$ cat model.cif   # mmCIF, C-alpha atoms
data_data
#
loop_
_atom_site.group_PDB
_atom_site.id
_atom_site.type_symbol
_atom_site.label_atom_id
_atom_site.label_comp_id
_atom_site.auth_asym_id
_atom_site.auth_seq_id
_atom_site.Cartn_x
_atom_site.Cartn_y
_atom_site.Cartn_z
ATOM 1 C CA MET A 1471 133.042 94.106 92.905
ATOM 2 C CA THR A 1472 129.527 95.012 94.051
ATOM 3 C CA PRO A 1473 128.071 92.336 96.339
ATOM 4 C CA GLU A 1474 124.935 90.570 95.195
ATOM 5 C CA PRO A 1475 121.773 91.500 97.098
ATOM 6 C CA GLY A 1476 121.360 89.280 100.119
ATOM 7 C CA ASP A 1477 125.041 88.240 100.235
ATOM 8 C CA LEU A 1478 125.456 89.979 103.568
ATOM 9 C CA ASP A 1479 124.032 88.661 106.819
ATOM 10 C CA GLN A 1480 120.858 90.752 106.745
ATOM 11 C CA PRO A 1481 117.184 90.092 107.537
ATOM 12 C CA ARG A 1482 114.928 88.976 104.681
ATOM 13 C CA PRO A 1483 111.412 90.389 105.136
ATOM 14 C CA ALA A 1484 108.310 89.315 103.205
ATOM 15 C CA GLY A 1485 109.314 85.678 103.318
ATOM 16 C CA GLY A 1486 112.576 86.479 101.556
ATOM 17 C CA ARG A 1487 110.911 88.532 98.801
ATOM 18 C CA LEU A 1488 112.573 91.754 99.973
ATOM 19 C CA LEU A 1489 116.345 91.473 100.333
ATOM 20 C CA ILE A 1490 118.413 93.963 102.339
ATOM 21 C CA ASP A 1491 122.145 94.614 102.117
ATOM 22 C CA GLU A 1492 124.667 97.449 102.493
ATOM 23 C CA PRO A 1493 126.779 97.604 99.318
ATOM 24 C CA ALA A 1494 128.663 100.783 100.341
ATOM 25 C CA PRO A 1495 129.160 102.882 103.485
ATOM 26 C CA GLY A 1496 125.966 104.737 104.320
ATOM 27 C CA VAL A 1497 124.003 102.924 101.585
ATOM 28 C CA THR A 1498 121.205 100.422 102.121
ATOM 29 C CA ARG A 1499 119.842 98.459 99.161
ATOM 30 C CA LEU A 1500 116.333 96.983 99.115
ATOM 31 C CA THR A 1501 115.895 94.354 96.410
ATOM 32 C CA ILE A 1502 112.509 93.063 95.275
ATOM 33 C CA SER A 1503 112.891 89.294 94.926
ATOM 34 C CA ASN A 1504 109.746 87.890 93.341
ATOM 35 C CA PRO A 1505 110.983 86.560 89.976
ATOM 36 C CA ALA A 1506 108.156 84.067 89.506
ATOM 37 C CA LYS A 1507 105.753 87.019 89.258
ATOM 38 C CA ARG A 1508 108.119 89.444 87.478
ATOM 39 C CA GLY A 1509 108.752 91.420 90.643
ATOM 40 C CA ALA A 1510 105.044 91.927 91.369
ATOM 41 C CA LEU A 1511 104.347 93.853 94.562
ATOM 42 C CA ASP A 1512 102.188 91.772 96.869
ATOM 43 C CA HIS A 1513 100.955 92.671 100.347
ATOM 44 C CA ALA A 1514 103.942 91.167 102.110
ATOM 45 C CA ILE A 1515 106.491 93.012 99.967
ATOM 46 C CA LEU A 1516 104.648 96.315 100.327
ATOM 47 C CA ASP A 1517 104.329 95.940 104.087
ATOM 48 C CA ALA A 1518 108.025 95.058 104.245
ATOM 49 C CA PHE A 1519 108.946 98.281 102.446
ATOM 50 C CA THR A 1520 106.943 100.275 104.993
ATOM 51 C CA SER A 1521 108.396 98.576 108.056
ATOM 52 C CA THR A 1522 111.968 98.346 106.753
ATOM 53 C CA LEU A 1523 112.247 102.002 105.766
ATOM 54 C CA ALA A 1524 111.025 103.009 109.208
ATOM 55 C CA GLY A 1525 113.868 101.090 110.823
ATOM 56 C CA ILE A 1526 116.985 102.083 108.845
ATOM 57 C CA ASP A 1527 119.194 105.189 108.908
ATOM 58 C CA ALA A 1528 121.131 105.040 105.647
ATOM 59 C CA ARG A 1529 122.281 108.247 103.944
ATOM 60 C CA CYS A 1530 120.994 106.821 100.648
ATOM 61 C CA VAL A 1531 118.593 103.958 99.906
ATOM 62 C CA ILE A 1532 118.649 102.030 96.619
ATOM 63 C CA ILE A 1533 115.483 100.261 95.504
ATOM 64 C CA THR A 1534 116.044 97.680 92.798
ATOM 65 C CA GLY A 1535 114.985 94.275 91.536
ATOM 66 C CA GLU A 1536 116.638 90.907 91.305
ATOM 67 C CA LYS A 1537 118.746 89.987 88.263
ATOM 68 C CA THR A 1538 116.922 91.386 85.195
ATOM 69 C CA THR A 1539 113.528 91.991 86.830
ATOM 70 C CA PHE A 1540 112.449 95.216 88.529
ATOM 71 C CA SER A 1541 108.672 95.189 88.979
ATOM 72 C CA ALA A 1542 105.614 94.513 86.851
ATOM 73 C CA GLY A 1543 103.505 96.429 89.356
ATOM 74 C CA TYR A 1544 100.888 95.456 91.900
ATOM 75 C CA ASP A 1545 100.108 91.745 92.058
ATOM 76 C CA ILE A 1546 96.586 91.926 90.611
ATOM 77 C CA GLY A 1547 96.502 88.137 90.698
ATOM 78 C CA ASP A 1548 95.450 88.679 94.315
ATOM 79 C CA LEU A 1549 92.142 89.977 92.973
ATOM 80 C CA ARG A 1550 91.154 87.093 90.718
ATOM 81 C CA GLY A 1551 89.619 84.713 93.212
ATOM 82 C CA ASN A 1552 88.197 87.304 95.565
ATOM 83 C CA GLY A 1553 84.493 86.706 96.128
ATOM 84 C CA GLN A 1554 83.932 90.349 97.116
ATOM 85 C CA PHE A 1555 85.830 91.867 94.224
ATOM 86 C CA ALA A 1556 84.218 95.320 94.192
ATOM 87 C CA ASP A 1557 84.328 95.753 97.968
ATOM 88 C CA GLN A 1558 87.886 94.536 98.372
ATOM 89 C CA ALA A 1559 89.710 95.900 95.307
ATOM 90 C CA ASP A 1560 90.252 99.378 96.760
ATOM 91 C CA ARG A 1561 91.668 97.952 99.973
ATOM 92 C CA LEU A 1562 93.823 95.404 98.162
ATOM 93 C CA VAL A 1563 95.320 97.813 95.634
ATOM 94 C CA ALA A 1564 95.355 101.135 97.429
ATOM 95 C CA ASN A 1565 96.100 100.798 101.109
ATOM 96 C CA PRO A 1566 99.317 98.745 101.420
ATOM 97 C CA PHE A 1567 100.608 100.262 98.190
ATOM 98 C CA THR A 1568 99.945 103.810 99.373
ATOM 99 C CA ALA A 1569 101.610 103.132 102.726
ATOM 100 C CA ALA A 1570 104.717 101.734 101.029
ATOM 101 C CA LEU A 1571 105.040 104.673 98.636
ATOM 102 C CA ASP A 1572 104.430 107.135 101.448
ATOM 103 C CA ALA A 1573 107.279 105.472 103.353
ATOM 104 C CA VAL A 1574 109.602 105.841 100.364
ATOM 105 C CA GLU A 1575 108.690 109.498 99.857
ATOM 106 C CA ALA A 1576 108.935 110.278 103.576
ATOM 107 C CA TYR A 1577 112.378 108.708 103.966
ATOM 108 C CA PRO A 1578 114.487 111.668 105.145
ATOM 109 C CA TYR A 1579 117.574 111.001 103.015
ATOM 110 C CA PRO A 1580 117.762 110.588 99.216
ATOM 111 C CA THR A 1581 116.410 107.464 97.559
ATOM 112 C CA LEU A 1582 117.516 105.988 94.226
ATOM 113 C CA ALA A 1583 115.610 103.548 92.019
ATOM 114 C CA ALA A 1584 117.939 101.283 90.036
ATOM 115 C CA LEU A 1585 115.757 99.981 87.226
ATOM 116 C CA ASN A 1586 117.487 96.770 86.263
ATOM 117 C CA GLY A 1587 114.401 95.484 84.439
ATOM 118 C CA HIS A 1588 110.994 96.560 83.185
ATOM 119 C CA ALA A 1589 109.116 99.033 85.411
ATOM 120 C CA ILE A 1590 105.398 98.771 84.758
ATOM 121 C CA GLY A 1591 102.350 100.205 86.509
ATOM 122 C CA GLY A 1592 102.814 100.304 90.258
ATOM 123 C CA GLY A 1593 106.440 99.331 89.755
ATOM 124 C CA LEU A 1594 106.988 102.534 87.807
ATOM 125 C CA GLU A 1595 105.157 104.595 90.417
ATOM 126 C CA LEU A 1596 107.398 103.026 93.064
ATOM 127 C CA ALA A 1597 110.378 104.243 91.048
ATOM 128 C CA LEU A 1598 108.878 107.730 90.817
ATOM 129 C CA ALA A 1599 108.448 107.802 94.587
ATOM 130 C CA CYS A 1600 112.264 107.765 94.724
ATOM 131 C CA ASP A 1601 114.245 110.985 94.338
ATOM 132 C CA LEU A 1602 116.373 109.743 91.434
ATOM 133 C CA ARG A 1603 116.251 106.935 88.873
ATOM 134 C CA ILE A 1604 118.946 105.144 86.887
ATOM 135 C CA ALA A 1605 117.974 102.552 84.291
ATOM 136 C CA ALA A 1606 119.466 99.730 82.292
ATOM 137 C CA GLY A 1607 119.350 100.562 78.589
ATOM 138 C CA THR A 1608 117.334 97.472 77.677
ATOM 139 C CA ILE A 1609 114.269 98.046 79.854
ATOM 140 C CA ALA A 1610 110.738 99.208 79.067
ATOM 141 C CA LEU A 1611 108.560 101.471 81.178
ATOM 142 C CA GLY A 1612 104.804 101.869 81.023
ATOM 143 C CA MET A 1613 101.493 102.565 82.709
ATOM 144 C CA PRO A 1614 98.690 100.105 81.782
ATOM 145 C CA PRO A 1615 95.560 101.530 83.513
ATOM 146 C CA ALA A 1616 93.885 102.122 80.134
ATOM 147 C CA LYS A 1617 94.426 98.432 79.327
ATOM 148 C CA LEU A 1618 92.941 97.336 82.683
ATOM 149 C CA GLY A 1619 89.948 99.664 82.938
ATOM 150 C CA LEU A 1620 91.508 101.333 85.972
ATOM 151 C CA VAL A 1621 91.161 104.953 87.052
ATOM 152 C CA TYR A 1622 94.539 105.712 88.597
ATOM 153 C CA SER A 1623 94.900 107.580 91.874
ATOM 154 C CA HIS A 1624 95.273 111.354 91.643
ATOM 155 C CA THR A 1625 98.278 111.141 93.977
ATOM 156 C CA GLY A 1626 99.947 108.697 91.610
ATOM 157 C CA ILE A 1627 99.235 110.772 88.519
ATOM 158 C CA ARG A 1628 100.557 113.812 90.370
ATOM 159 C CA LYS A 1629 103.967 112.116 90.634
ATOM 160 C CA PHE A 1630 104.085 111.769 86.864
ATOM 161 C CA ILE A 1631 102.981 115.351 86.215
ATOM 162 C CA ASN A 1632 105.629 116.590 88.661
ATOM 163 C CA THR A 1633 108.276 114.531 86.868
ATOM 164 C CA ILE A 1634 107.458 114.672 83.158
ATOM 165 C CA GLY A 1635 104.689 117.278 82.835
ATOM 166 C CA ALA A 1636 101.057 116.958 81.791
ATOM 167 C CA PRO A 1637 101.565 116.290 78.028
ATOM 168 C CA ARG A 1638 103.853 113.288 78.592
ATOM 169 C CA THR A 1639 101.646 112.049 81.452
ATOM 170 C CA ARG A 1640 98.658 112.094 79.096
ATOM 171 C CA GLU A 1641 100.637 110.143 76.520
ATOM 172 C CA LEU A 1642 101.766 107.574 79.063
ATOM 173 C CA PHE A 1643 98.321 107.001 80.593
ATOM 174 C CA LEU A 1644 95.899 107.607 77.722
ATOM 175 C CA VAL A 1645 97.812 105.773 74.973
ATOM 176 C CA GLY A 1646 99.106 103.085 77.290
ATOM 177 C CA ARG A 1647 102.142 102.083 75.224
ATOM 178 C CA ARG A 1648 105.444 101.161 76.818
ATOM 179 C CA ILE A 1649 108.459 103.344 76.172
ATOM 180 C CA ASP A 1650 112.130 102.397 76.061
ATOM 181 C CA ALA A 1651 114.870 103.646 78.360
ATOM 182 C CA ARG A 1652 116.173 106.219 75.878
ATOM 183 C CA THR A 1653 112.720 107.785 75.532
ATOM 184 C CA ALA A 1654 112.318 107.726 79.307
ATOM 185 C CA ARG A 1655 115.620 109.606 79.616
ATOM 186 C CA GLU A 1656 114.493 112.196 77.066
ATOM 187 C CA TRP A 1657 111.238 112.686 78.958
ATOM 188 C CA GLY A 1658 113.006 113.006 82.314
ATOM 189 C CA LEU A 1659 111.360 109.848 83.616
ATOM 190 C CA VAL A 1660 114.829 108.512 84.414
ATOM 191 C CA ASN A 1661 117.909 110.590 85.226
ATOM 192 C CA ALA A 1662 120.536 108.380 83.597
ATOM 193 C CA ILE A 1663 121.053 105.188 81.621
ATOM 194 C CA ALA A 1664 123.729 102.830 82.863
ATOM 195 C CA GLU A 1665 126.339 101.278 80.627
ATOM 196 C CA GLU A 1666 125.428 97.797 79.456
ATOM 197 C CA GLY A 1667 125.726 95.259 82.266
ATOM 198 C CA ARG A 1668 126.666 97.882 84.879
ATOM 199 C CA ILE A 1669 123.335 98.969 86.368
ATOM 200 C CA ALA A 1670 124.105 97.547 89.833
ATOM 201 C CA GLU A 1671 127.626 98.979 89.943
ATOM 202 C CA GLU A 1672 126.630 102.420 88.673
ATOM 203 C CA ALA A 1673 123.707 102.601 91.092
ATOM 204 C CA VAL A 1674 125.993 101.834 94.031
ATOM 205 C CA GLU A 1675 128.582 104.358 92.836
ATOM 206 C CA LEU A 1676 125.932 107.070 92.570
ATOM 207 C CA ALA A 1677 124.398 106.139 95.925
ATOM 208 C CA ALA A 1678 127.825 106.231 97.587
ATOM 209 C CA GLU A 1679 128.437 109.705 96.160
ATOM 210 C CA ILE A 1680 125.044 110.849 97.465
ATOM 211 C CA ALA A 1681 125.713 109.297 100.876
ATOM 212 C CA SER A 1682 129.015 111.180 101.171
ATOM 213 C CA ASN A 1683 127.301 114.575 100.940
ATOM 214 C CA ALA A 1684 126.405 116.748 103.938
ATOM 215 C CA PRO A 1685 123.540 115.015 105.777
ATOM 216 C CA LEU A 1686 121.797 118.156 107.025
ATOM 217 C CA ALA A 1687 121.846 119.621 103.521
ATOM 218 C CA GLN A 1688 120.521 116.395 102.011
ATOM 219 C CA LYS A 1689 117.624 116.152 104.473
ATOM 220 C CA GLY A 1690 116.868 119.861 104.261
ATOM 221 C CA ASN A 1691 116.930 120.130 100.481
ATOM 222 C CA LYS A 1692 114.812 117.017 100.067
ATOM 223 C CA ARG A 1693 112.260 118.457 102.477
ATOM 224 C CA VAL A 1694 112.176 121.815 100.654
ATOM 225 C CA ILE A 1695 111.650 120.176 97.257
ATOM 226 C CA ARG A 1696 108.817 118.007 98.598
ATOM 227 C CA ALA A 1697 107.117 120.945 100.350
ATOM 228 C CA VAL A 1698 107.218 123.130 97.230
ATOM 229 C CA LEU A 1699 105.782 120.367 95.036
ATOM 230 C CA ASP A 1700 103.038 119.587 97.564
ATOM 231 C CA ALA A 1701 102.049 123.267 97.786
ATOM 232 C CA GLN A 1702 101.792 123.563 94.012
ATOM 233 C CA ALA A 1703 99.639 120.452 93.766
ATOM 234 C CA ALA A 1704 97.122 121.232 96.510
ATOM 235 C CA LEU A 1705 93.535 120.385 95.481
ATOM 236 C CA ASP A 1706 90.245 121.817 96.622
ATOM 237 C CA PRO A 1707 88.831 119.303 99.163
ATOM 238 C CA ASP A 1708 85.605 118.856 97.149
ATOM 239 C CA VAL A 1709 87.594 118.101 93.995
ATOM 240 C CA GLU A 1710 89.811 115.647 95.865
ATOM 241 C CA ARG A 1711 86.748 113.816 97.207
ATOM 242 C CA GLU A 1712 85.368 113.653 93.664
ATOM 243 C CA LEU A 1713 88.601 112.111 92.340
ATOM 244 C CA ILE A 1714 88.724 109.564 95.154
ATOM 245 C CA GLU A 1715 85.113 108.556 94.471
ATOM 246 C CA LEU A 1716 85.861 108.292 90.735
ATOM 247 C CA ARG A 1717 88.616 105.791 91.491
ATOM 248 C CA ARG A 1718 86.465 103.822 93.924
ATOM 249 C CA ALA A 1719 83.652 103.620 91.402
ATOM 250 C CA CYS A 1720 86.006 102.125 88.820
ATOM 251 C CA PHE A 1721 86.750 99.234 91.196
ATOM 252 C CA ALA A 1722 83.050 98.324 91.116
ATOM 253 C CA SER A 1723 82.793 98.525 87.321
ATOM 254 C CA GLU A 1724 82.353 95.577 85.015
ATOM 255 C CA ASP A 1725 85.176 96.918 82.846
ATOM 256 C CA PHE A 1726 87.725 96.757 85.675
ATOM 257 C CA ARG A 1727 86.700 93.198 86.517
ATOM 258 C CA GLU A 1728 87.014 92.310 82.821
ATOM 259 C CA GLY A 1729 90.373 94.078 82.535
ATOM 260 C CA VAL A 1730 91.843 92.112 85.431
ATOM 261 C CA ARG A 1731 90.393 88.849 84.100
ATOM 262 C CA ALA A 1732 91.703 89.488 80.576
ATOM 263 C CA PHE A 1733 95.159 90.377 81.909
ATOM 264 C CA SER A 1734 95.298 87.146 83.908
ATOM 265 C CA GLU A 1735 94.083 85.120 80.935
ATOM 266 C CA LYS A 1736 96.462 86.892 78.519
ATOM 267 C CA ARG A 1737 93.754 87.951 76.076
ATOM 268 C CA ALA A 1738 92.286 91.183 74.748
ATOM 269 C CA PRO A 1739 89.606 92.640 77.044
ATOM 270 C CA ARG A 1740 86.008 93.040 75.892
ATOM 271 C CA TRP A 1741 84.982 96.478 77.176
ATOM 272 C CA GLN A 1742 81.344 97.230 77.994
ATOM 273 C CA GLY A 1743 81.705 100.854 79.059
ATOM 274 C CA ARG A 1744 80.117 100.181 82.438
#
$ encode --input "model.cif" --output "structure tokens"
Amino acid sequence: MTPEPGDLDQPRPAGGRLLIDEPAPGVTRLTISNPAKRGALDHAILDAFTSTLAGIDARCVIITGEKTTFSAGYDIGDLRGNGQFADQADRLVANPFTAALDAVEAYPYPTLAALNGHAIGGGLELALACDLRIAAGTIALGMPPAKLGLVYSHTGIRKFINTIGAPRTRELFLVGRRIDARTAREWGLVNAIAEEGRIAEEAVELAAEIASNAPLAQKGNKRVIRAVLDAQAALDPDVERELIELRRACFASEDFREGVRAFSEKRAPRWQGR
């Protein structure tokens, strides 16, 4: 039987909101434990991902959520009461989140996202930062920037284009609807759907198989794949600066402030187009 996350005598970073265990030889599992906020990624959890991944040497890392919750994305509740909303939003959303995803992508051995619950927004990008994804059949996946008035980072959108192509990326971001696990499998957003009630077990079985493979080949092939994708996606520096400024400008917009407020208040936003 697969042990529950945290059953083993392991450290618990982020005030216990990131659980660490070793469910199989050569496999480390990182479990987001923030059920009160649907697995939202706050500063502490993101910083814990960065520091934890730098200190382990597993042949495969599983990233998952607790019970039936994966992650609803970045904890935008952190933005609500901020008196310097426009000045601080970029730092709050981008920097710790970017560092955590960079740590996942830079991990030298394969990583596996086990989507035991809904993967929304930044939670879905976290999953895409992993090399492979397995999902429970009952989950939904989605990107809500259009519903929040948010211009998403070009590095984040690049992950989606690399995974599902430009047409599906447009559908995901510009329509803003959630999709089910079967559709995500058809799109290539997830690699496999687990049998009902077996997401944890199947993720560990797959991770153990990955961990048993030749380590030099695993590190080398992962590096080659990443290098090829990065080379194909290289942007002109002037264009990249333009895209970064476009995102920063959205943080200062009235629409983004309204989108965050409406999300927190569970109502439809009233867009002003400015």
$ resolve_selection --input "model.cif" --expression "the PyMOL selection byres ((chain A and resi 1718-1733) around 7)" --output "list of chain:residue names"
A:Arg1550, A:Ala1556, A:Ala1559, A:Asp1560, A:Lys1617, A:Leu1618, A:Gly1619, A:Leu1620, A:Val1621, A:Ile1714, A:Glu1715, A:Leu1716, A:Arg1717, A:Ser1734, A:Glu1735, A:Lys1736, A:Arg1737, A:Ala1738, A:Pro1739, A:Trp1741, A:Gln1742, A:Gly1743, A:Arg1744
$ closest_residue --input "model.cif" --among "A:Ile1649, A:Ala1569, A:Ala1673, A:Leu1594" --to "Thr1581 of chain A" --atoms "only C-alpha atoms"
A:Ala1673
$ resolve_selection --input "model.cif" --expression "the PyMOL selection byres ((chain A and resi 1632-1644) around 9)" --output "ChimeraX atom specification"
/A:1598,1612-1616,1622,1627-1631,1645-1649,1657-1659,1699,1703
$ atom_distance --input "model.cif" --atom1 "atom CA of Ala1570 of chain A" --atom2 "atom CA of Ala1677 of chain A"
20.8 Å
$ atom_distance --input "model.cif" --atom1 "atom CA of Ile1604 of chain A" --atom2 "atom CA of Ala1678 of chain A"
13.9 Å
$ axis_aligned_box --input "model.cif" --around "segment 1642-1660 of chain A" --padding-each-side "5 Å" --output "JSON"
{"center_x": 106.0, "center_y": 107.1, "center_z": 79.7, "size_x": 30.3, "size_y": 21.8, "size_z": 19.4}
$ closest_residue --input "model.cif" --among "A:Val1698, A:Ile1609, A:Leu1705, A:Ile1515" --to "Ala1664 of chain A" --atoms "all atoms listed in the file"
A:Ile1609
$ closest_residue --input "model.cif" --among "A:Tyr1577, A:Phe1567, A:Phe1540, A:Phe1519" --to "Ile1590 of chain A" --atoms "all atoms listed in the file"
A:Phe1540
$ closest_residue --input "model.cif" --among "A:Ala1518, A:Asp1527, A:Arg1655, A:Leu1596" --to "Asp1572 of chain A" --atoms "all atoms listed in the file"
A:Leu1596
$ closest_residue --input "model.cif" --among "A:Arg1711, A:Thr1501, A:Lys1692, A:Glu1672" --to "Ala1576 of chain A" --atoms "only C-alpha atoms"
A:Lys1692
$ closest_residue --input "model.cif" --among "A:Val1674, A:Cys1600, A:Ala1573, A:Leu1523" --to "Glu1492 of chain A" --atoms "only C-alpha atoms"
A:Val1674
$ resolve_selection --input "model.cif" --expression "the PyMOL selection byres ((chain A and resi 1675) around 12)" --output "ChimeraX atom specification"
/A:1471-1472,1493-1497,1530,1532,1582,1584,1604,1664,1668-1674,1676-1682
$ atom_distance --input "model.cif" --atom1 "atom CA of Pro1685 of chain A" --atom2 "atom CA of Leu1585 of chain A"
25.1 Å
$ residues_around --input "model.cif" --residues "Pro1483 of chain A" --least-positions-apart "2" --cutoff "9 Å" --atoms "only C-alpha atoms" --output "CSV table (one decimal) with C-alpha atoms, in the coordinates of the input"
chain,number,residue,atom,x,y,z
A,1481,PRO,CA,117.2,90.1,107.5
A,1485,GLY,CA,109.3,85.7,103.3
A,1486,GLY,CA,112.6,86.5,101.6
A,1487,ARG,CA,110.9,88.5,98.8
A,1488,LEU,CA,112.6,91.8,100.0
A,1489,LEU,CA,116.3,91.5,100.3
A,1490,ILE,CA,118.4,94.0,102.3
A,1514,ALA,CA,103.9,91.2,102.1
A,1515,ILE,CA,106.5,93.0,100.0
A,1518,ALA,CA,108.0,95.1,104.2
A,1519,PHE,CA,108.9,98.3,102.4
A,1522,THR,CA,112.0,98.3,106.8
$ residues_around --input "model.cif" --residues "Glu1575 of chain A" --least-positions-apart "4" --cutoff "8 Å" --atoms "all atoms listed in the file" --output "number ranges by chain"
A: 1571, 1599-1601
$ decode --input "model.cif" --residues "segment 1581-1598 of chain A" --atoms "N, CA, C and O atoms" --output "compact mmCIF listing (two decimals), in the first residue's frame"
# COMPACT_ATOMS: atom_id res chain seq x y z
N THR A 1581 10.65 14.66 -13.49
CA THR A 1581 9.63 15.07 -12.53
C THR A 1581 8.26 14.67 -13.06
O THR A 1581 8.01 14.70 -14.26
N LEU A 1582 7.36 14.34 -12.15
CA LEU A 1582 6.03 13.84 -12.50
C LEU A 1582 4.98 14.57 -11.67
O LEU A 1582 5.04 14.55 -10.43
N ALA A 1583 4.03 15.22 -12.33
CA ALA A 1583 2.90 15.82 -11.62
C ALA A 1583 1.78 14.80 -11.53
O ALA A 1583 1.34 14.26 -12.56
N ALA A 1584 1.32 14.52 -10.33
CA ALA A 1584 0.19 13.63 -10.10
C ALA A 1584 -1.01 14.50 -9.74
O ALA A 1584 -1.13 14.97 -8.61
N LEU A 1585 -1.87 14.73 -10.71
CA LEU A 1585 -2.97 15.67 -10.54
C LEU A 1585 -4.16 14.95 -9.91
O LEU A 1585 -5.01 14.39 -10.59
N ASN A 1586 -4.18 14.97 -8.61
CA ASN A 1586 -5.22 14.30 -7.84
C ASN A 1586 -6.48 15.13 -7.72
O ASN A 1586 -7.53 14.64 -7.30
N GLY A 1587 -6.39 16.42 -8.08
CA GLY A 1587 -7.52 17.33 -8.02
C GLY A 1587 -7.38 18.39 -9.08
O GLY A 1587 -6.46 18.35 -9.90
N HIS A 1588 -8.27 19.38 -9.06
CA HIS A 1588 -8.27 20.41 -10.08
C HIS A 1588 -6.90 21.12 -10.15
O HIS A 1588 -6.29 21.39 -9.12
N ALA A 1589 -6.48 21.43 -11.36
CA ALA A 1589 -5.23 22.16 -11.60
C ALA A 1589 -5.59 23.41 -12.38
O ALA A 1589 -5.90 23.34 -13.56
N ILE A 1590 -5.55 24.54 -11.70
CA ILE A 1590 -6.04 25.79 -12.27
C ILE A 1590 -4.94 26.85 -12.22
O ILE A 1590 -4.21 26.95 -11.25
N GLY A 1591 -4.84 27.65 -13.27
CA GLY A 1591 -3.93 28.78 -13.28
C GLY A 1591 -2.50 28.37 -13.01
O GLY A 1591 -1.93 27.51 -13.69
N GLY A 1592 -1.90 29.01 -12.00
CA GLY A 1592 -0.52 28.69 -11.65
C GLY A 1592 -0.33 27.25 -11.24
O GLY A 1592 0.76 26.70 -11.39
N GLY A 1593 -1.39 26.62 -10.73
CA GLY A 1593 -1.30 25.20 -10.41
C GLY A 1593 -1.10 24.36 -11.66
O GLY A 1593 -0.35 23.37 -11.65
N LEU A 1594 -1.75 24.75 -12.75
CA LEU A 1594 -1.58 24.03 -14.00
C LEU A 1594 -0.21 24.31 -14.60
O LEU A 1594 0.43 23.41 -15.15
N GLU A 1595 0.27 25.55 -14.48
CA GLU A 1595 1.62 25.82 -14.98
C GLU A 1595 2.66 25.05 -14.18
O GLU A 1595 3.66 24.58 -14.74
N LEU A 1596 2.45 24.91 -12.87
CA LEU A 1596 3.35 24.09 -12.07
C LEU A 1596 3.38 22.67 -12.60
O LEU A 1596 4.45 22.06 -12.72
N ALA A 1597 2.23 22.13 -12.96
CA ALA A 1597 2.18 20.79 -13.53
C ALA A 1597 2.94 20.72 -14.85
O ALA A 1597 3.63 19.74 -15.14
N LEU A 1598 2.81 21.77 -15.67
CA LEU A 1598 3.49 21.77 -16.96
C LEU A 1598 5.00 21.94 -16.82
O LEU A 1598 5.75 21.60 -17.74
